[in-house]
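**Student:** What follows is query-v3.cif; its format and atoms are mmCIF, C-alpha atoms.
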```
data_upload
#
loop_
_atom_site.label_atom_id
_atom_site.label_comp_id
_atom_site.auth_asym_id
_atom_site.auth_seq_id
_atom_site.Cartn_x
_atom_site.Cartn_y
_atom_site.Cartn_z
CA MET F 499 88.52 97.19 125.65
CA GLN F 500 90.35 98.80 122.76
CA LYS F 501 92.41 96.52 120.54
CA ILE F 502 96.06 97.16 119.70
CA SER F 503 97.94 96.70 116.44
CA VAL F 504 101.65 95.92 116.65
CA VAL F 505 103.54 97.52 113.76
CA MET F 506 107.17 96.75 112.94
CA MET F 507 109.47 98.18 110.28
CA VAL F 508 111.98 95.60 109.11
CA LYS F 509 114.73 94.98 106.61
CA ASN F 510 116.84 91.81 106.53
CA GLU F 511 115.80 90.70 110.02
CA ALA F 512 115.02 87.03 109.37
CA HIS F 513 117.24 85.96 112.28
CA ILE F 514 115.20 87.77 114.96
CA VAL F 515 111.78 88.85 113.63
CA PRO F 516 109.94 85.53 114.30
CA GLN F 517 110.79 85.82 118.01
CA THR F 518 109.43 89.37 118.12
CA ILE F 519 106.28 88.37 116.22
CA ARG F 520 105.59 85.53 118.67
CA ALA F 521 105.75 88.00 121.57
CA ALA F 522 103.61 90.53 119.68
CA LEU F 523 100.92 87.92 119.10
CA GLN F 524 100.51 87.65 122.88
CA ILE F 525 99.38 91.30 122.81
CA SER F 526 97.56 91.76 119.51
CA ASP F 527 95.44 90.04 116.90
CA ASP F 528 96.98 92.35 114.27
CA VAL F 529 100.76 92.15 113.87
CA VAL F 530 101.93 94.14 110.85
CA VAL F 531 105.44 93.72 109.47
CA CYS F 532 106.33 96.54 107.09
CA ASP F 533 109.24 95.38 104.96
CA THR F 534 111.39 98.05 103.31
CA GLY F 535 113.37 95.94 100.88
CA SER F 536 114.65 92.77 102.51
CA THR F 537 116.86 90.49 100.44
CA ASP F 538 116.90 87.61 102.94
CA ASP F 539 113.99 85.45 104.17
CA THR F 540 112.39 88.15 106.33
CA ILE F 541 109.10 88.22 104.44
CA ALA F 542 108.69 84.44 104.35
CA VAL F 543 109.54 83.88 108.02
CA SER F 544 107.32 86.79 109.08
CA LYS F 545 104.32 85.28 107.31
CA ALA F 546 105.12 81.85 108.72
CA ALA F 547 105.26 83.29 112.24
CA GLY F 548 101.76 84.76 111.87
CA ALA F 549 102.31 88.39 110.86
CA ARG F 550 100.60 90.31 108.10
CA VAL F 551 103.32 91.61 105.75
CA VAL F 552 103.15 94.86 103.79
CA GLN F 553 105.88 96.47 101.73
CA GLU F 554 106.81 100.14 101.54
CA ALA F 555 109.66 102.16 100.06
CA TRP F 556 112.17 103.54 102.53
CA LEU F 557 111.44 107.24 103.20
CA GLY F 558 113.44 107.69 106.39
CA PHE F 559 112.48 106.51 109.87
CA GLY F 560 109.76 109.04 110.72
CA PRO F 561 107.88 109.08 107.39
CA THR F 562 108.14 105.32 106.91
CA LYS F 563 106.78 104.58 110.39
CA ASN F 564 103.81 106.86 109.72
CA LYS F 565 103.19 105.10 106.41
CA ALA F 566 103.47 101.68 108.03
CA ASN F 567 100.93 102.65 110.69
CA THR F 568 98.28 103.33 108.06
CA HIS F 569 98.17 99.56 107.43
CA ALA F 570 97.12 98.77 111.02
CA LEU F 571 93.58 97.56 111.70
CA HIS F 572 93.37 99.33 115.07
CA ASN F 573 94.08 102.91 116.11
CA TRP F 574 96.16 101.98 119.12
CA ILE F 575 99.69 101.24 117.89
CA LEU F 576 102.51 99.44 119.63
CA GLN F 577 105.52 100.40 117.52
CA LEU F 578 108.41 97.96 117.59
CA ASP F 579 111.57 97.29 115.66
CA ALA F 580 112.33 93.72 114.64
CA ASP F 581 114.83 93.30 117.48
CA GLU F 582 112.59 94.71 120.25
CA ILE F 583 110.85 91.95 122.21
CA PRO F 584 108.34 92.74 124.99
CA ASP F 585 109.01 90.53 128.00
CA LEU F 586 106.25 88.60 129.79
CA ARG F 587 105.62 91.27 132.43
CA LEU F 588 105.25 93.99 129.81
CA GLN F 589 103.01 91.79 127.67
CA GLN F 590 100.67 91.32 130.64
CA ALA F 591 100.72 95.03 131.51
CA ILE F 592 99.69 95.93 127.96
CA ARG F 593 96.91 93.33 127.94
CA ASP F 594 95.55 94.81 131.17
CA LEU F 595 95.21 98.37 129.75
CA SER F 596 91.73 99.79 129.18
CA LEU F 597 92.99 102.40 126.67
CA GLU F 598 90.03 104.67 127.35
CA ASN F 599 91.98 107.92 126.99
CA GLU F 600 93.20 108.52 123.44
CA LYS F 601 95.60 111.18 124.75
CA GLU F 602 97.51 108.78 126.98
CA LEU F 603 100.97 107.69 125.90
CA PHE F 604 102.75 104.64 127.28
CA ARG F 605 106.48 104.63 127.95
CA MET F 606 108.57 101.48 128.28
CA GLN F 607 112.03 100.73 129.61
CA PHE F 608 114.48 99.04 127.29
CA LYS F 609 116.89 96.29 128.30
CA SER F 610 119.60 96.45 125.64
CA PHE F 611 121.97 93.64 124.76
CA LEU F 612 125.33 93.49 123.00
CA GLY F 613 125.47 89.89 121.86
CA ASP F 614 124.19 87.94 124.88
CA GLN F 615 125.25 90.53 127.47
CA TRP F 616 122.73 92.86 129.04
CA ILE F 617 124.25 96.35 129.12
CA ARG F 618 123.23 97.78 132.48
CA PHE F 619 125.10 101.08 132.47
CA GLY F 620 126.34 103.81 130.13
CA GLU F 621 124.29 105.16 127.22
CA TRP F 622 122.14 102.04 127.08
CA GLY F 623 121.61 101.61 130.82
CA LYS F 624 118.55 103.80 131.43
CA ASP F 625 116.73 103.81 128.13
CA PHE F 626 113.01 104.73 127.99
CA HIS F 627 110.82 105.31 124.96
CA ILE F 628 107.13 105.94 124.25
CA ARG F 629 105.99 103.11 122.02
CA LEU F 630 102.24 102.74 122.58
CA PHE F 631 99.94 105.51 121.33
CA ASN F 632 96.75 106.26 119.44
CA ARG F 633 97.48 107.11 115.81
CA LYS F 634 94.46 109.46 115.65
CA GLN F 635 96.21 111.70 118.17
CA VAL F 636 99.93 111.16 117.61
CA GLN F 637 102.29 110.67 114.68
CA TRP F 638 106.04 110.58 114.17
CA ASN F 639 107.83 113.66 112.92
CA GLU F 640 109.47 113.68 109.49
CA ALA F 641 113.02 113.15 110.74
CA PRO F 642 114.92 110.60 108.64
CA VAL F 643 116.80 109.41 111.75
CA HIS F 644 116.23 109.75 115.52
CA GLU F 645 112.53 110.32 114.87
CA GLN F 646 110.25 111.50 117.67
CA LEU F 647 106.54 111.42 118.38
CA ILE F 648 104.75 114.76 118.14
CA TYR F 649 102.56 115.60 121.14
CA ASP F 650 101.89 118.51 123.50
CA ASN F 651 101.47 119.03 127.24
CA SER F 652 97.84 117.91 127.18
CA PHE F 653 98.95 114.26 126.90
CA ILE F 654 99.43 111.92 129.85
CA ILE F 655 102.56 109.74 129.86
CA THR F 656 102.29 106.45 131.76
CA GLN F 657 105.27 104.22 132.55
CA LEU F 658 104.56 100.51 132.12
CA PRO F 659 106.24 97.74 134.15
CA GLY F 660 108.46 95.21 132.45
CA PHE F 661 110.99 95.65 129.67
CA ILE F 662 111.43 95.66 125.95
CA GLU F 663 114.41 93.39 125.41
CA HIS F 664 116.43 95.12 122.72
CA LYS F 665 118.59 92.52 120.99
CA THR F 666 120.33 95.38 119.28
CA MET F 667 123.68 94.01 118.06
CA ARG F 668 124.70 90.39 117.56
CA ASN F 669 128.42 91.17 117.29
CA MET F 670 130.91 93.99 116.89
CA ALA F 671 130.90 93.85 113.09
CA GLU F 672 127.15 94.48 113.04
CA PHE F 673 127.56 97.16 115.70
CA GLU F 674 130.17 98.99 113.65
CA GLN F 675 128.08 98.83 110.48
CA LYS F 676 124.97 100.21 112.19
CA MET F 677 126.88 103.02 113.90
CA LYS F 678 128.40 103.98 110.57
CA GLN F 679 124.96 104.18 108.94
CA TYR F 680 123.50 106.16 111.83
CA GLY F 681 126.49 108.50 111.91
CA LEU F 682 126.19 109.31 108.21
CA ARG F 683 122.44 109.85 108.48
CA GLY F 684 122.91 111.96 111.58
CA GLY F 685 125.42 114.18 109.81
CA GLU F 686 123.05 114.61 106.88
CA LYS F 687 120.26 115.55 109.30
CA TYR F 688 122.51 118.16 110.95
CA PHE F 689 123.36 119.59 107.53
CA GLU F 690 119.70 119.83 106.52
CA GLN F 691 118.94 121.57 109.82
CA GLY F 692 121.69 124.12 109.18
CA LYS F 693 123.56 123.05 112.30
CA THR F 694 126.84 124.86 112.85
CA GLY F 695 130.05 123.72 114.50
CA GLY F 696 133.73 124.01 113.75
CA TRP F 697 135.93 121.16 112.55
CA TYR F 698 137.08 120.62 116.14
CA LYS F 699 133.55 119.62 117.17
CA GLN F 700 134.01 116.13 115.77
CA TYR F 701 136.85 115.56 118.24
CA THR F 702 135.63 117.38 121.34
CA SER F 703 132.07 116.06 121.14
CA SER F 704 133.16 112.47 120.60
CA LEU F 705 135.64 112.66 123.49
CA PHE F 706 133.02 114.14 125.81
CA ASN F 707 130.54 111.46 124.70
CA PHE F 708 133.01 108.71 125.62
CA ILE F 709 133.85 110.21 129.02
CA LYS F 710 130.18 110.79 129.83
CA ASN F 711 129.11 107.24 129.01
CA TYR F 712 132.13 105.28 130.20
CA ILE F 713 132.92 107.27 133.36
CA PHE F 714 129.97 109.39 134.51
CA LYS F 715 127.29 106.87 133.48
CA LEU F 716 129.40 103.98 134.85
CA GLY F 717 129.82 102.15 131.55
CA PHE F 718 133.06 100.65 132.87
CA LEU F 719 130.95 98.46 135.20
CA ASP F 720 129.82 96.48 132.13
CA GLY F 721 133.42 95.39 131.56
CA LYS F 722 134.71 94.92 128.02
CA ALA F 723 131.21 95.36 126.55
CA GLY F 724 130.87 98.69 128.35
CA TRP F 725 134.12 99.86 126.79
CA GLN F 726 132.94 98.75 123.34
CA VAL F 727 129.59 100.51 123.66
CA ALA F 728 131.19 103.75 124.88
CA ARG F 729 133.80 103.63 122.12
CA MET F 730 131.29 102.96 119.35
CA ASN F 731 128.93 105.69 120.55
CA ALA F 732 131.86 108.12 120.56
CA TRP F 733 132.72 107.05 117.00
CA TYR F 734 129.10 107.61 115.99
CA THR F 735 129.31 111.16 117.38
CA TYR F 736 132.54 111.73 115.49
CA LEU F 737 130.97 110.51 112.24
CA LYS F 738 128.00 112.86 112.61
CA TYR F 739 130.16 115.96 112.85
CA HIS F 740 132.69 114.70 110.30
CA THR F 741 129.89 114.13 107.78
CA LEU F 742 128.50 117.58 108.57
CA GLN F 743 131.87 119.18 107.86
CA GLU F 744 132.25 117.27 104.59
CA LEU F 745 128.80 118.37 103.39
CA LYS F 746 129.48 121.98 104.37
CA ALA F 747 132.78 121.90 102.49
CA LYS F 748 131.08 120.58 99.34
CA LYS F 749 128.52 123.37 99.48
CA GLN F 750 131.15 126.09 99.58
#
```
So, in terms of structure tokens, how does the structure I just supplied come out?
**Tutor:**
Amino acid sequence: MQKISVVMMVKNEAHIVPQTIRAALQISDDVVVCDTGSTDDTIAVSKAAGARVVQEAWLGFGPTKNKANTHALHNWILQLDADEIPDLRLQQAIRDLSLENEKELFRMQFKSFLGDQWIRFGEWGKDFHIRLFNRKQVQWNEAPVHEQLIYDNSFIITQLPGFIEHKTMRNMAEFEQKMKQYGLRGGEKYFEQGKTGGWYKQYTSSLFNFIKNYIFKLGFLDGKAGWQVARMNAWYTYLKYHTLQELKAKKQ
């Protein structure tokens, strides 16, 4: 049976990373925490929880994940963020894998939380990502944000049972700060890609995003939290296009 390394990129995650490491140790004998400049106790608590800590400069999500994966002892990588905790069913499913085919990718469903509330609908309701792969066959692209794995049609994608519990935002202040960072990075990515769009795009796209998530994807069924998630995702969309317009204006 092939062994798996669990690799996490972290920064200032001392409040949650020990819980994720404890779950990861149920899957792997090699849990790597790649710290990108924490100023809290993340490094100390990660070591105390049983992880091997390495440090790397921040190069953007895609490049930094690829760099972090070079520190793994095993070629099979389970890539997690500090706030992504495999539940017991998923842990068992991963332990049961033979991992004989290096061109098999494993997709997992996310169960995302705002504070203590599980968000069942809207943008976060049906969230799936490939997180287990062989690094000899697959790497992340170079995108600084919203990175993706590079693979072709010759790969097999297998859905695993269980969930990754995504303890994504502890409160609205943290939510707002993260969406602001992602929105700015997203706008910079659009600018680098030469993406076009008039000034009106920041308004029409954000409005459509809100309606899609709150109405069509039933975000309203999550109550107040559903409203907050839909509103913040719309604001994130606005920030992307607003940042794009500002960068385009500076270039002129």
**Student:** Calculated over only C-alpha atoms, which of the candidates F:Gln577, F:Ser526, F:Ser704, F:Asn711 has the smallest distance to Gln590 of chain F?
**Tutor:**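 Using only C-alpha atoms, Gln590 of chain F sits closest to F:Ser526.
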**Student:** Calculated over all atoms listed in the file, which of the candidates F:Val515, F:Met507, F:Leu716, F:Ala641 has the smallest distance to Ser544 of chain F?
**Tutor:** F:Val515
**Student:** Using all atoms listed in the file, which of F:Ser596, F:Asn639, F:Ser610, F:Gln524 sits nearest Ser503 of chain F?
**Tutor:**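 That would be F:Gln524, the residue with the smallest distance to Ser503 of chain F.
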**Student:** When you draw a straight line from atom CA of Glu645 of chain F to atom CA of His627 of chain F, how long is it in Å?
**Tutor:**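 A separation of 11.4 Å between them.
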**Student:** With 10 Å as the cut-off and all atoms listed in the file counted, what is the closest atom pair between each nearby residue of segment 529-589 of chain F and segment 599-608 of chain F? Distances in Å to one decimal, ordered by chain and number, as JSON lines.
**Tutor:**
```
{"residue": "F:Asn573", "atom": "CA", "partner": "F:Glu600", "partner_atom": "CA", "distance": 9.3}
{"residue": "F:Trp574", "atom": "CA", "partner": "F:Glu600", "partner_atom": "CA", "distance": 8.4}
{"residue": "F:Leu576", "atom": "CA", "partner": "F:Phe604", "partner_atom": "CA", "distance": 9.3}
{"residue": "F:Glu582", "atom": "CA", "partner": "F:Phe608", "partner_atom": "CA", "distance": 8.5}
{"residue": "F:Ile583", "atom": "CA", "partner": "F:Phe608", "partner_atom": "CA", "distance": 9.4}
{"residue": "F:Pro584", "atom": "CA", "partner": "F:Phe608", "partner_atom": "CA", "distance": 9.1}
{"residue": "F:Leu588", "atom": "CA", "partner": "F:Met606", "partner_atom": "CA", "distance": 8.3}
```
**Student:** Within 9 Å of Lys509 of chain F, counting only C-alpha atoms, which residues show up once you throw out same-chain ones fewer than 2 positions away? Write them as a CSV table (one decimal) with C-alpha atoms, in the frame of the given file, please.
**Tutor:**
```csv
chain,number,residue,atom,x,y,z
F,507,MET,CA,109.5,98.2,110.3
F,511,GLU,CA,115.8,90.7,110.0
F,512,ALA,CA,115.0,87.0,109.4
F,532,CYS,CA,106.3,96.5,107.1
F,533,ASP,CA,109.2,95.4,105.0
F,534,THR,CA,111.4,98.0,103.3
F,535,GLY,CA,113.4,95.9,100.9
F,536,SER,CA,114.6,92.8,102.5
F,537,THR,CA,116.9,90.5,100.4
F,538,ASP,CA,116.9,87.6,102.9
F,540,THR,CA,112.4,88.2,106.3
F,580,ALA,CA,112.3,93.7,114.6
```
**Student:** Pick out the closest residue to Met677 of chain F from this set: F:Ala570, F:Val508, F:Ile709, F:Ala728. Count only C-alpha atoms.
**Tutor:** F:Ala728
**Student:** Complete the atom set of segment 675-686 of chain F to all heavy atoms and return it as a CSV table (one decimal), keeping the file's coordinate frame.
**Tutor:**
```csv
chain,number,residue,atom,x,y,z
F,675,GLN,N,128.8,98.5,111.7
F,675,GLN,CA,128.1,98.8,110.5
F,675,GLN,C,126.9,99.7,110.8
F,675,GLN,O,126.6,100.7,110.1
F,675,GLN,CB,127.6,97.5,109.8
F,675,GLN,CG,126.9,97.8,108.5
F,675,GLN,CD,127.7,98.5,107.4
F,675,GLN,OE1,129.0,98.4,107.4
F,675,GLN,NE2,127.1,99.3,106.6
F,676,LYS,N,126.1,99.4,111.8
F,676,LYS,CA,125.0,100.2,112.2
F,676,LYS,C,125.4,101.6,112.6
F,676,LYS,O,124.7,102.6,112.3
F,676,LYS,CB,124.2,99.5,113.3
F,676,LYS,CG,123.3,98.3,112.8
F,676,LYS,CD,122.4,97.9,113.9
F,676,LYS,CE,121.5,96.7,113.3
F,676,LYS,NZ,120.5,96.3,114.3
F,677,MET,N,126.4,101.7,113.4
F,677,MET,CA,126.9,103.0,113.9
F,677,MET,C,127.4,103.9,112.7
F,677,MET,O,127.2,105.1,112.7
F,677,MET,CB,128.0,102.9,114.9
F,677,MET,CG,127.5,102.3,116.3
F,677,MET,SD,126.3,103.4,117.1
F,677,MET,CE,124.8,102.5,116.7
F,678,LYS,N,128.0,103.2,111.8
F,678,LYS,CA,128.4,104.0,110.6
F,678,LYS,C,127.2,104.5,109.8
F,678,LYS,O,127.2,105.7,109.4
F,678,LYS,CB,129.2,103.1,109.6
F,678,LYS,CG,129.8,103.8,108.4
F,678,LYS,CD,130.6,102.8,107.6
F,678,LYS,CE,131.2,103.5,106.4
F,678,LYS,NZ,132.0,102.6,105.5
F,679,GLN,N,126.2,103.7,109.6
F,679,GLN,CA,125.0,104.2,108.9
F,679,GLN,C,124.3,105.3,109.7
F,679,GLN,O,123.9,106.3,109.1
F,679,GLN,CB,124.0,103.0,108.8
F,679,GLN,CG,124.5,101.9,107.8
F,679,GLN,CD,123.5,100.7,107.8
F,679,GLN,OE1,122.5,100.7,108.5
F,679,GLN,NE2,123.9,99.7,107.0
F,680,TYR,N,124.2,105.1,111.0
F,680,TYR,CA,123.5,106.2,111.8
F,680,TYR,C,124.3,107.4,111.9
F,680,TYR,O,123.8,108.6,111.8
F,680,TYR,CB,123.3,105.7,113.3
F,680,TYR,CG,122.3,104.5,113.4
F,680,TYR,CD1,122.4,103.7,114.5
F,680,TYR,CD2,121.3,104.3,112.5
F,680,TYR,CE1,121.4,102.6,114.6
F,680,TYR,CE2,120.4,103.3,112.6
F,680,TYR,CZ,120.5,102.5,113.7
F,680,TYR,OH,119.6,101.4,113.8
F,681,GLY,N,125.6,107.3,111.9
F,681,GLY,CA,126.5,108.5,111.9
F,681,GLY,C,126.4,109.3,110.6
F,681,GLY,O,126.3,110.5,110.7
F,682,LEU,N,126.4,108.6,109.5
F,682,LEU,CA,126.2,109.3,108.2
F,682,LEU,C,124.8,110.0,108.1
F,682,LEU,O,124.7,111.1,107.7
F,682,LEU,CB,126.4,108.3,107.1
F,682,LEU,CG,127.8,107.7,106.9
F,682,LEU,CD1,127.8,106.7,105.8
F,682,LEU,CD2,128.8,108.8,106.6
F,683,ARG,N,123.8,109.3,108.5
F,683,ARG,CA,122.4,109.8,108.5
F,683,ARG,C,122.3,111.0,109.5
F,683,ARG,O,121.7,112.0,109.2
F,683,ARG,CB,121.4,108.8,108.8
F,683,ARG,CG,121.2,107.7,107.7
F,683,ARG,CD,120.3,106.6,108.2
F,683,ARG,NE,120.1,105.6,107.2
F,683,ARG,CZ,119.5,104.4,107.5
F,683,ARG,NH1,119.2,104.1,108.7
F,683,ARG,NH2,119.4,103.5,106.5
F,684,GLY,N,123.0,110.9,110.6
F,684,GLY,CA,122.9,112.0,111.6
F,684,GLY,C,123.6,113.2,111.1
F,684,GLY,O,123.1,114.3,111.3
F,685,GLY,N,124.7,113.0,110.4
F,685,GLY,CA,125.4,114.2,109.8
F,685,GLY,C,124.6,114.9,108.7
F,685,GLY,O,124.6,116.1,108.6
F,686,GLU,N,123.9,114.1,107.9
F,686,GLU,CA,123.0,114.6,106.9
F,686,GLU,C,121.9,115.4,107.5
F,686,GLU,O,121.5,116.4,107.0
F,686,GLU,CB,122.5,113.5,106.0
F,686,GLU,CG,123.6,112.8,105.1
F,686,GLU,CD,123.2,111.5,104.5
F,686,GLU,OE1,122.0,111.1,104.8
F,686,GLU,OE2,123.9,111.0,103.7
```
